[in-house]
There are 2 protein chains.
Amino acid sequence: MNGEDQAAVISAVLAGSRLLVAIAARSLGAVADRVTVPQFRMLVVLSGHGETKLVTMAELLDVNSSTAMRMADRLAAAGLVVREVNPLNRRESLMRLTDEGRRIVDQVTARRRDEIAAIVSRMSPAERQALVSAMTAFNEAGGEPAAPTLRAGSHPLGWPEA
Amino acid sequence: MNGEDQAAVISAVLAGSRLLVAIAARSLGAVADRVTVPQFRMLVVLSGHGETKLVTMAELLDVNSSTAMRMADRLAAAGLVVREVNPLNRRESLMRLTDEGRRIVDQVTARRRDEIAAIVSRMSPAERQALVSAMTAFNEAGGEPAAPTLRAGSHPLGWPEA
DNA sequence: CCACATTCTTGCAGTATGCAACATTAGTGA
DNA sequence: TCACTAATGTTGCATACTGCAAGAATGTGG
């Protein structure tokens with residue numbers, strides 16, 4: 001691959017990255033008055049992971065357990081999660097989504113999908129097909145690359161951005 | 001477009017989104033001990049915008065001016081930016097990158113481009129060409145869509161993710 | 001000169017974050 | 001059974017990010 005090709009593909013990918021981040025930011029905006037971004041991340045993990053103990057949650061979010069602790073406290077106070085001691089191991093306390101918490105996750109997820117759907121609907125069928133193929137190839141090529149220890153990106157989330 | 005096609009393209013795009021966010025997170029990791037993510041965003045804005053007054057910076061980052069104020073204070077204390085009163089308008093104080101600040105931005109940018117380059121290098125030339133076309137079409141289709149007031153995504157950044 | 005707008009700054013409150021220390025509970029080996 | 005160790009949650013402390021509100025300094029238009 002020559003330099004021009006490389007620059008073109010990197011530019012295109014970076015531009016796509018900015019667009020996707022903007023979509024994620026907008027999808028969060030609707031619930032910004034109810035949960036913060038870190039709190040939403042915790043809700044998403046619970047949505048895909050079911051009952052989760054504190055240490056596991058901290059690992060999944062890649063934060064200190066004390067951080068996860070206080071976030072869980074606030075989400076519990078807001079009625080979006082519940083925490084109860086695991087009867088099988090009284091050291092652990094398991095946390096899970098309330099209906100209200102799940103509603104928030106679903107709302108944001110739906111909005112994000114809608115936005116992507118709206119964009120791809122503006123593309124021709126051929127372009128759509130090409131997009132699926134190209135993104136699939138890109139995702140496979142980037143599967144678990146240089147830094148296998150960093151498990152960042154394992155979870156379906158979104159972050160606000162400027 | 002039928003439902004299956006739609007689901008396939010959305011899944012592919014969302015997976016790509018996760019991968020790109022993971023790349024952004026790793027690219028930030030190298031400087032995580034020197035600047036926080038919001039601080040890095042400010043450096044990126046300065047990198048592309050030159051001398052900037054506080055209010056403008058706050059708008060570009062979409063934060064309150066008091067937030068931008070204190071971030072600027074910390075970056076100045078760290079020697080990554082300098083602030084000086086605008087002689088043409090003594091209300092304003094303009095801020096700009098130091099060499100050290102620019103070095104950090106360049107380092108992260110280079111790392112991100114390297115990671116993307118490494119991924120596309122694992123794709124076949126045909127796949128690469130298809131990726132450029134597909135991403136270009138996607139970016140154009142998503143140019144300035146439903147929410148024109150939200151200018152999120154205008155800046156080339158990255159956010160850590162779980 | 002006066003009224004108003006712009007800009008920066010600071011006080012206050014709440015959230016996020018990591019480190020370190022601690023108590024409780026579980027497991028393990030003598 | 002008892003002591004040692006590990007796992008887990010919790011809290012104290014310090015720093016950073018965030019917005020709102022109030023105030024000071026400066027500029028602008030009359």
# chains A, B, ... in the order shown; residues from 1 in each chain; ligands from 1
>>> interface_residues(of="chain D", to="chain A", cutoff="10 Å", atoms="only C-alpha atoms (C1' of nucleotides)", output="list of chain:residue names")
D:DA7, D:DT8, D:DG9, D:DT10, D:DT11
>>> interface_residues(of="chain C", to="chain A", cutoff="9 Å", atoms="only C-alpha atoms (C1' of nucleotides)", output="list in words")
DT15, DA16, DT17, DG18, DT24, DT25 and DA26 of chain C
>>> write_last_selection(atoms="N, CA and C atoms (P, O5', C5', C4', C3', O3' and C1' of nucleotides)", output="mmCIF file, in the first residue's frame")
data_model
loop_
_atom_site.group_PDB
_atom_site.id
_atom_site.type_symbol
_atom_site.label_atom_id
_atom_site.label_comp_id
_atom_site.auth_asym_id
_atom_site.auth_seq_id
_atom_site.Cartn_x
_atom_site.Cartn_y
_atom_site.Cartn_z
ATOM 1 P P DT C 15 -24.564 13.398 43.407
ATOM 2 O "O5'" DT C 15 -23.387 13.034 42.371
ATOM 3 C "C5'" DT C 15 -23.535 13.378 41.012
ATOM 4 C "C4'" DT C 15 -22.238 13.102 40.281
ATOM 5 C "C3'" DT C 15 -21.708 11.674 40.442
ATOM 6 O "O3'" DT C 15 -21.602 11.090 39.161
ATOM 7 C "C1'" DT C 15 -19.995 13.278 40.790
ATOM 8 P P DA C 16 -21.045 9.603 39.000
ATOM 9 O "O5'" DA C 16 -19.475 9.796 38.838
ATOM 10 C "C5'" DA C 16 -18.988 10.594 37.781
ATOM 11 C "C4'" DA C 16 -17.479 10.434 37.641
ATOM 12 C "C3'" DA C 16 -16.942 9.014 37.810
ATOM 13 O "O3'" DA C 16 -15.941 8.810 36.825
ATOM 14 C "C1'" DA C 16 -15.875 10.447 39.348
ATOM 15 P P DT C 17 -15.354 7.383 36.541
ATOM 16 O "O5'" DT C 17 -14.010 7.325 37.379
ATOM 17 C "C5'" DT C 17 -12.957 8.205 37.057
ATOM 18 C "C4'" DT C 17 -11.922 8.182 38.132
ATOM 19 C "C3'" DT C 17 -11.649 6.809 38.745
ATOM 20 O "O3'" DT C 17 -10.680 6.133 37.983
ATOM 21 C "C1'" DT C 17 -11.520 8.616 40.329
ATOM 22 P P DG C 18 -10.126 4.709 38.438
ATOM 23 O "O5'" DG C 18 -9.009 5.042 39.531
ATOM 24 C "C5'" DG C 18 -7.919 5.895 39.187
ATOM 25 C "C4'" DG C 18 -6.994 6.019 40.379
ATOM 26 C "C3'" DG C 18 -6.559 4.668 40.974
ATOM 27 O "O3'" DG C 18 -5.160 4.685 41.203
ATOM 28 C "C1'" DG C 18 -7.555 6.045 42.648
ATOM 29 P P DT C 24 -16.101 -6.630 61.879
ATOM 30 O "O5'" DT C 24 -16.524 -7.543 60.634
ATOM 31 C "C5'" DT C 24 -17.353 -6.982 59.622
ATOM 32 C "C4'" DT C 24 -17.548 -7.974 58.498
ATOM 33 C "C3'" DT C 24 -17.817 -9.421 58.954
ATOM 34 O "O3'" DT C 24 -18.963 -9.898 58.265
ATOM 35 C "C1'" DT C 24 -16.082 -9.361 57.352
ATOM 36 P P DT C 25 -19.590 -11.364 58.669
ATOM 37 O "O5'" DT C 25 -19.023 -12.312 57.515
ATOM 38 C "C5'" DT C 25 -19.256 -11.971 56.152
ATOM 39 C "C4'" DT C 25 -18.444 -12.867 55.253
ATOM 40 C "C3'" DT C 25 -18.562 -14.367 55.553
ATOM 41 O "O3'" DT C 25 -19.068 -15.012 54.399
ATOM 42 C "C1'" DT C 25 -16.300 -13.730 55.227
ATOM 43 P P DA C 26 -19.375 -16.597 54.418
ATOM 44 O "O5'" DA C 26 -18.089 -17.205 53.710
ATOM 45 C "C5'" DA C 26 -17.769 -16.767 52.399
ATOM 46 C "C4'" DA C 26 -16.447 -17.353 51.952
ATOM 47 C "C3'" DA C 26 -16.336 -18.874 52.104
ATOM 48 O "O3'" DA C 26 -16.040 -19.438 50.846
ATOM 49 C "C1'" DA C 26 -14.428 -17.782 53.006
#
>>> select_by_dssp(residues="segment 10-111 of chain B", states="strand (DSSP E)", output="CSV table (one decimal) with C-alpha atoms, in the first residue's frame")
chain,number,residue,atom,x,y,z
B,52,THR,CA,-8.2,30.6,21.9
B,53,LYS,CA,-9.9,32.6,24.5
B,81,VAL,CA,-0.4,25.5,27.8
B,82,VAL,CA,0.3,29.2,28.4
B,83,ARG,CA,-2.2,32.0,29.0
B,84,GLU,CA,-1.7,35.6,28.4
B,85,VAL,CA,-4.0,38.6,28.3
B,93,SER,CA,-6.9,36.0,27.8
B,94,LEU,CA,-5.7,33.8,25.0
B,95,MET,CA,-4.3,30.4,25.6
B,96,ARG,CA,-2.1,28.3,23.4
B,97,LEU,CA,-0.1,25.0,23.5
